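Peer 1: Right, I'll just put the structure down here and ask away after.
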Amino acid sequence: MRPVVLDAMGGDHGPAETVAGAVAAWRAHKVPVILVGDEPRVTGELRRHGAAGELAVVHADDAVPMAERGPAATALAASSLAVGCELVGRGRGGALVSAGSTGAVVACAVRGIGRAGVLRPALAVALPSLRGGASVLVDAGATADPSPAMMAEFALLGAGYARAVLGRPDPVVGLLSIGSEPGKGNRLTRRAHELLAALPLRFHGNVEGHDVLAGTVDVIVTDGFTGNVVLKSVEGCVRTALTMVAQAGIASPQQLAKVARRYDPEAHGGAALLGLRGTVVVAHGSSTAATIARACVVAYALAGPEPAAVVEATAAERVT
């Protein structure tokens, strides 16, 4: 299998954490990684971990600032993100991992890797549910202002992800809204409902916020703005609730840690950017080495011949 291409300069912590994560992915999981970034800095970090020569390094003159949110990132043709996307687009790498700005990753990936016949790509995150397994939230932040037609494509992308990665042969799809009735929601949601109802998939109809973690449906479709708020609200609420339970002495730290890990970004590594001609995983901007390592493992699995088996095994590690 082709190696994972890692944007070594992406994220809040630059090459210090990304390089450490790449080394961990290689040594612990045998995931080959190509590091793209400022070669002297990247090589220096490799030496610090005693890993000089273990991983390939491709030099890039620039880095996309974390404040860059969109298409302007493509103007930096010599950035680590743009060079990394080109490597995947040319087939030298099997997948891209970046902890850079989501908007910048989307823009560079569309240019360097290309869309797979969709209007816009979408981020998919598998959220653990009460019924066991997980539900796919899509879009989790790639397209803040989609059209109804784009949301219909998100539903198809999410269903494909559920089949290929979560092993759901006939996934049930729901549309996130403010009520379960078909007429509820804003104009975008109401029109999207009409389009989803006409698609060749099992459309449940509208779902509400309390359904996100309940396992009501296999795929939850929404716009990227709402999806990103939902994702971060879930992560924050879980942390807050578990902290309150710990302070009350209701459960042991070991029991709480087992639950917390299921929703920890470090455990799932990042979100898959669907709708491209290659595999892309977007990690949190604040990713640590452990998060980057997990993102590389997930990206390598998604680009492989049997993503379901490998990703399910990865997910199982969250509760052990």
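For the structure tokens, the naming scheme is as follows: chains receive sequential letters (A, B, ...) according to their order of presentation, residues are indexed from 1 within each chain, and ligands are indexed from 1 in presentation order.
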Compile the contact shell of region 209-211 of chain A as a list in words: residues with an atom at most 9 Å away, counting only C-alpha atoms, same-chain residues fewer than 6 positions apart removed.
Peer 2: Leu176, Ser177, Ile178, Val217, Ile220 and Val230 of chain A
Peer 1: Those same residues - N, CA and C atoms - I'd like them written as a short mmCIF file (atom, residue, chain, number, x, y, z; two decimals), in the first residue's frame.
Peer 2:
data_model
loop_
_atom_site.label_atom_id
_atom_site.label_comp_id
_atom_site.auth_asym_id
_atom_site.auth_seq_id
_atom_site.Cartn_x
_atom_site.Cartn_y
_atom_site.Cartn_z
N LEU A 176 -30.98 16.37 10.00
CA LEU A 176 -31.03 17.09 11.27
C LEU A 176 -31.86 18.37 11.13
N SER A 177 -32.86 18.51 12.01
CA SER A 177 -33.73 19.67 11.97
C SER A 177 -34.21 20.00 13.38
N ILE A 178 -35.14 20.94 13.47
CA ILE A 178 -35.65 21.36 14.78
C ILE A 178 -36.94 20.64 15.16
N VAL A 217 -30.61 6.82 13.73
CA VAL A 217 -30.29 6.57 12.32
C VAL A 217 -28.80 6.26 12.20
N ILE A 220 -26.48 10.99 9.85
CA ILE A 220 -27.14 12.24 10.19
C ILE A 220 -26.62 13.31 9.25
N VAL A 230 -22.44 20.95 16.31
CA VAL A 230 -22.90 19.73 16.96
C VAL A 230 -21.72 18.90 17.45
#
Peer 1: Can you pull out every residue from region 80-298 of chain A that DSSP, working from the backbone, puts in strand (DSSP E), and format the result as a PDB file with C-alpha atoms, in the first residue's frame?
Peer 2:
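As a result, states26.pdb now contains:
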ATOM      1  CA  ALA A  95      -3.947   9.324   1.697  1.00  0.00           C
ATOM      2  CA  LEU A  96      -3.418  12.810   3.128  1.00  0.00           C
ATOM      3  CA  VAL A  97      -3.540  13.794   6.802  1.00  0.00           C
ATOM      4  CA  SER A  98      -3.555  17.430   7.906  1.00  0.00           C
ATOM      5  CA  ALA A 122     -18.080  16.795   3.130  1.00  0.00           C
ATOM      6  CA  LEU A 123     -16.516  15.825   6.448  1.00  0.00           C
ATOM      7  CA  ALA A 124     -17.760  12.615   8.041  1.00  0.00           C
ATOM      8  CA  VAL A 125     -17.313  11.781  11.733  1.00  0.00           C
ATOM      9  CA  ALA A 126     -18.453   8.519  13.315  1.00  0.00           C
ATOM     10  CA  LEU A 127     -20.025   9.269  16.715  1.00  0.00           C
ATOM     11  CA  PRO A 128     -20.559   6.424  19.216  1.00  0.00           C
ATOM     12  CA  ALA A 134     -21.757   4.557  15.669  1.00  0.00           C
ATOM     13  CA  SER A 135     -23.721   7.053  13.586  1.00  0.00           C
ATOM     14  CA  VAL A 136     -22.086   9.115  10.838  1.00  0.00           C
ATOM     15  CA  LEU A 137     -22.403  12.896  11.121  1.00  0.00           C
ATOM     16  CA  VAL A 138     -22.001  14.562   7.725  1.00  0.00           C
ATOM     17  CA  VAL A 172     -30.827   4.593   7.483  1.00  0.00           C
ATOM     18  CA  VAL A 173     -30.372   8.311   6.792  1.00  0.00           C
ATOM     19  CA  GLY A 174     -31.849  11.185   8.796  1.00  0.00           C
ATOM     20  CA  LEU A 175     -31.865  14.954   8.233  1.00  0.00           C
ATOM     21  CA  LEU A 176     -31.031  17.090  11.268  1.00  0.00           C
ATOM     22  CA  ARG A 202     -33.598   4.533   3.323  1.00  0.00           C
ATOM     23  CA  PHE A 203     -34.650   8.017   4.380  1.00  0.00           C
ATOM     24  CA  HIS A 204     -35.959   8.175   7.942  1.00  0.00           C
ATOM     25  CA  GLY A 205     -36.995  11.804   7.695  1.00  0.00           C
ATOM     26  CA  ASN A 206     -36.066  14.557  10.120  1.00  0.00           C
ATOM     27  CA  VAL A 207     -34.147  13.839  13.309  1.00  0.00           C
ATOM     28  CA  VAL A 219     -26.309   8.728   8.980  1.00  0.00           C
ATOM     29  CA  ILE A 220     -27.141  12.244  10.191  1.00  0.00           C
ATOM     30  CA  VAL A 221     -27.103  14.852   7.418  1.00  0.00           C
ATOM     31  CA  ALA A 271     -12.739  13.348  10.149  1.00  0.00           C
ATOM     32  CA  ALA A 272     -12.762  11.776   6.695  1.00  0.00           C
ATOM     33  CA  LEU A 273     -13.211  14.255   3.848  1.00  0.00           C
ATOM     34  CA  LEU A 274     -15.592  12.490   1.470  1.00  0.00           C
ATOM     35  CA  THR A 279      -8.472   9.711   0.906  1.00  0.00           C
ATOM     36  CA  VAL A 280      -8.141  12.763   3.177  1.00  0.00           C
ATOM     37  CA  VAL A 281      -8.372  12.860   6.978  1.00  0.00           C
ATOM     38  CA  VAL A 282      -8.653  16.246   8.712  1.00  0.00           C
TER      39      VAL A 282
END
Peer 1: Write down as a short mmCIF file (atom, residue, chain, number, x, y, z; two decimals) with N, CA and C atoms, in the first residue's frame the residues belonging to region 254-288 of chain A that are assigned alpha helix (DSSP H) by DSSP computed on the backbone.
Peer 2:
data_model
loop_
_atom_site.label_atom_id
_atom_site.label_comp_id
_atom_site.auth_asym_id
_atom_site.auth_seq_id
_atom_site.Cartn_x
_atom_site.Cartn_y
_atom_site.Cartn_z
N GLN A 254 -11.51 5.25 36.43
CA GLN A 254 -11.28 4.27 35.39
C GLN A 254 -12.53 4.06 34.53
N GLN A 255 -13.70 4.00 35.18
CA GLN A 255 -14.94 3.82 34.45
C GLN A 255 -15.25 5.04 33.58
N LEU A 256 -15.00 6.22 34.13
CA LEU A 256 -15.27 7.44 33.38
C LEU A 256 -14.31 7.60 32.21
N ALA A 257 -13.07 7.22 32.41
CA ALA A 257 -12.08 7.33 31.34
C ALA A 257 -12.46 6.44 30.16
N LYS A 258 -13.07 5.31 30.46
CA LYS A 258 -13.49 4.38 29.41
C LYS A 258 -14.55 5.02 28.52
N VAL A 259 -15.46 5.78 29.13
CA VAL A 259 -16.50 6.47 28.35
C VAL A 259 -15.90 7.68 27.63
N ALA A 260 -15.08 8.44 28.32
CA ALA A 260 -14.51 9.65 27.74
C ALA A 260 -13.71 9.36 26.49
N ARG A 261 -13.01 8.24 26.48
CA ARG A 261 -12.16 7.92 25.35
C ARG A 261 -12.95 7.71 24.06
N ARG A 262 -14.18 7.28 24.18
CA ARG A 262 -15.00 7.05 22.98
C ARG A 262 -15.29 8.35 22.24
N PRO A 265 -11.16 13.29 20.66
CA PRO A 265 -10.58 13.43 19.32
C PRO A 265 -9.29 12.63 19.16
N GLU A 266 -8.56 12.43 20.27
CA GLU A 266 -7.33 11.66 20.20
C GLU A 266 -7.60 10.21 19.82
N ALA A 267 -8.81 9.73 20.13
CA ALA A 267 -9.13 8.33 19.84
C ALA A 267 -9.52 8.13 18.39
N HIS A 268 -10.28 9.10 17.80
CA HIS A 268 -10.70 8.88 16.42
C HIS A 268 -9.80 9.57 15.41
#
Peer 1: In terms of the shortest atom-to-atom distance over only C-alpha atoms, which of A:Glu194, A:Asp145, A:Glu39, A:Asp12 is closest to Ala67 (chain A)?
Peer 2: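 When distances to Ala67 (chain A) are compared using only C-alpha atoms, the smallest one comes from A:Asp12.
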Peer 1: Which residues are near region 288-295 of chain A? Cut-off 9 Å, only C-alpha atoms, ignore same chain within fewer than 4 positions. Put them as an mmCIF file with N, CA and C atoms, in the first residue's frame.
Peer 2:
data_model
loop_
_atom_site.group_PDB
_atom_site.id
_atom_site.type_symbol
_atom_site.label_atom_id
_atom_site.label_comp_id
_atom_site.auth_asym_id
_atom_site.auth_seq_id
_atom_site.Cartn_x
_atom_site.Cartn_y
_atom_site.Cartn_z
ATOM 1 N N LEU A 6 1.693 13.275 5.181
ATOM 2 C CA LEU A 6 1.342 14.085 6.346
ATOM 3 C C LEU A 6 1.818 15.523 6.174
ATOM 4 N N HIS A 13 0.521 23.120 16.672
ATOM 5 C CA HIS A 13 1.802 22.770 17.292
ATOM 6 C C HIS A 13 2.900 22.438 16.288
ATOM 7 N N ALA A 16 6.562 19.798 15.696
ATOM 8 C CA ALA A 16 6.915 19.103 16.934
ATOM 9 C C ALA A 16 5.969 17.934 17.202
ATOM 10 N N GLU A 17 4.668 18.163 17.085
ATOM 11 C CA GLU A 17 3.690 17.104 17.353
ATOM 12 C C GLU A 17 3.439 16.237 16.129
ATOM 13 N N THR A 18 3.416 16.840 14.942
ATOM 14 C CA THR A 18 3.120 16.042 13.744
ATOM 15 C C THR A 18 4.211 15.015 13.473
ATOM 16 N N VAL A 19 5.465 15.416 13.612
ATOM 17 C CA VAL A 19 6.554 14.472 13.365
ATOM 18 C C VAL A 19 6.545 13.361 14.407
ATOM 19 N N ALA A 20 6.320 13.734 15.675
ATOM 20 C CA ALA A 20 6.246 12.717 16.728
ATOM 21 C C ALA A 20 5.113 11.734 16.454
ATOM 22 N N GLY A 21 3.983 12.250 15.949
ATOM 23 C CA GLY A 21 2.865 11.377 15.619
ATOM 24 C C GLY A 21 3.179 10.452 14.466
ATOM 25 N N ALA A 22 3.888 10.974 13.456
ATOM 26 C CA ALA A 22 4.272 10.138 12.318
ATOM 27 C C ALA A 22 5.208 9.018 12.745
ATOM 28 N N VAL A 23 6.149 9.347 13.618
ATOM 29 C CA VAL A 23 7.090 8.337 14.116
ATOM 30 C C VAL A 23 6.329 7.257 14.885
ATOM 31 N N ALA A 24 5.361 7.680 15.702
ATOM 32 C CA ALA A 24 4.570 6.715 16.466
ATOM 33 C C ALA A 24 3.735 5.827 15.549
ATOM 34 N N ALA A 25 3.152 6.420 14.502
ATOM 35 C CA ALA A 25 2.346 5.631 13.563
ATOM 36 C C ALA A 25 3.199 4.573 12.868
ATOM 37 N N TRP A 26 4.438 4.920 12.541
ATOM 38 C CA TRP A 26 5.334 3.986 11.873
ATOM 39 C C TRP A 26 5.823 2.900 12.826
ATOM 40 N N HIS A 29 2.482 1.001 14.533
ATOM 41 C CA HIS A 29 1.457 0.419 13.654
ATOM 42 C C HIS A 29 1.969 0.090 12.255
ATOM 43 N N VAL A 97 -3.112 13.406 5.454
ATOM 44 C CA VAL A 97 -3.540 13.794 6.802
ATOM 45 C C VAL A 97 -3.051 15.214 7.054
ATOM 46 N N SER A 98 -3.943 16.064 7.553
ATOM 47 C CA SER A 98 -3.555 17.430 7.906
ATOM 48 C C SER A 98 -4.350 17.897 9.115
ATOM 49 N N ALA A 99 -3.672 18.626 10.003
ATOM 50 C CA ALA A 99 -4.337 19.267 11.137
ATOM 51 C C ALA A 99 -4.484 20.760 10.884
ATOM 52 N N PRO A 265 -11.165 13.294 20.664
ATOM 53 C CA PRO A 265 -10.578 13.429 19.323
ATOM 54 C C PRO A 265 -9.295 12.626 19.162
ATOM 55 N N GLU A 266 -8.563 12.431 20.268
ATOM 56 C CA GLU A 266 -7.326 11.663 20.199
ATOM 57 C C GLU A 266 -7.597 10.214 19.816
ATOM 58 N N ALA A 267 -8.805 9.734 20.133
ATOM 59 C CA ALA A 267 -9.133 8.335 19.844
ATOM 60 C C ALA A 267 -9.524 8.126 18.386
ATOM 61 N N HIS A 268 -10.276 9.096 17.800
ATOM 62 C CA HIS A 268 -10.700 8.877 16.419
ATOM 63 C C HIS A 268 -9.795 9.571 15.406
ATOM 64 N N GLY A 269 -8.883 10.415 15.870
ATOM 65 C CA GLY A 269 -7.875 10.982 14.985
ATOM 66 C C GLY A 269 -8.342 12.159 14.164
ATOM 67 N N GLY A 270 -9.461 12.038 13.508
ATOM 68 C CA GLY A 270 -9.945 13.129 12.673
ATOM 69 C C GLY A 270 -11.165 12.710 11.883
ATOM 70 N N ALA A 271 -11.558 13.582 10.968
ATOM 71 C CA ALA A 271 -12.739 13.348 10.149
ATOM 72 C C ALA A 271 -12.321 13.040 8.722
ATOM 73 N N VAL A 281 -7.905 12.808 5.594
ATOM 74 C CA VAL A 281 -8.372 12.860 6.978
ATOM 75 C C VAL A 281 -7.947 14.196 7.566
ATOM 76 N N VAL A 282 -8.912 14.939 8.116
ATOM 77 C CA VAL A 282 -8.653 16.246 8.712
ATOM 78 C C VAL A 282 -8.655 16.095 10.231
ATOM 79 N N ALA A 283 -7.517 16.365 10.853
ATOM 80 C CA ALA A 283 -7.392 16.258 12.307
ATOM 81 C C ALA A 283 -7.660 17.618 12.958
ATOM 82 N N HIS A 284 -7.912 17.609 14.255
ATOM 83 C CA HIS A 284 -8.106 18.852 15.004
ATOM 84 C C HIS A 284 -6.865 19.721 14.906
ATOM 85 N N ALA A 299 -6.315 6.957 8.272
ATOM 86 C CA ALA A 299 -6.170 7.288 6.851
ATOM 87 C C ALA A 299 -5.626 6.101 6.069
ATOM 88 N N TYR A 300 -4.652 5.429 6.630
ATOM 89 C CA TYR A 300 -4.049 4.261 5.975
ATOM 90 C C TYR A 300 -5.090 3.160 5.814
ATOM 91 N N THR A 314 -9.857 -0.292 14.981
ATOM 92 C CA THR A 314 -9.372 0.967 15.554
ATOM 93 C C THR A 314 -10.387 1.528 16.541
#
Peer 1: Within 9 Å of region 64-66 of chain A, counting only C-alpha atoms, which residues qualify if same-chain residues fewer than 2 places away don't, as a VMD selection string?
Peer 2: chain A and resid 9 to 12 62 68 to 69 73 76 79 to 82 100 to 102 104 285
Peer 1: What is the CA of Asp7 (chain A) to CA of Ala72 (chain A) distance in Å?
Peer 2: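 Rounded to one decimal, the two atoms are 17.5 Å apart.
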Peer 1: Given only C-alpha atoms, how would the per-residue table for region 180-201 of chain A near region 149-171 of chain A read, listing every residue at most 7 Å away with its closest atom pair and distance in Å to one decimal, sorted by chain and number, as a Markdown table?
Peer 2:
| residue | atom | partner | partner_atom | distance |
| --- | --- | --- | --- | --- |
| A:Ala192 | CA | A:Met151 | CA | 6.4 |
| A:Leu195 | CA | A:Ala152 | CA | 6.2 |
| A:Leu196 | CA | A:Ala152 | CA | 5.6 |
Peer 1: Pick out the residues sitting within 6 Å of Val57 (chain A), and hand them over as a count of residues only; count only C-alpha atoms, and ignore anything fewer than 2 positions along from it in its own chain.
Peer 2: 3
Peer 1: In Å, how far is it from CA of Ala303 (chain A) to CA of Arg2 (chain A)?
Peer 2: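 So the answer is 8.6 Å.
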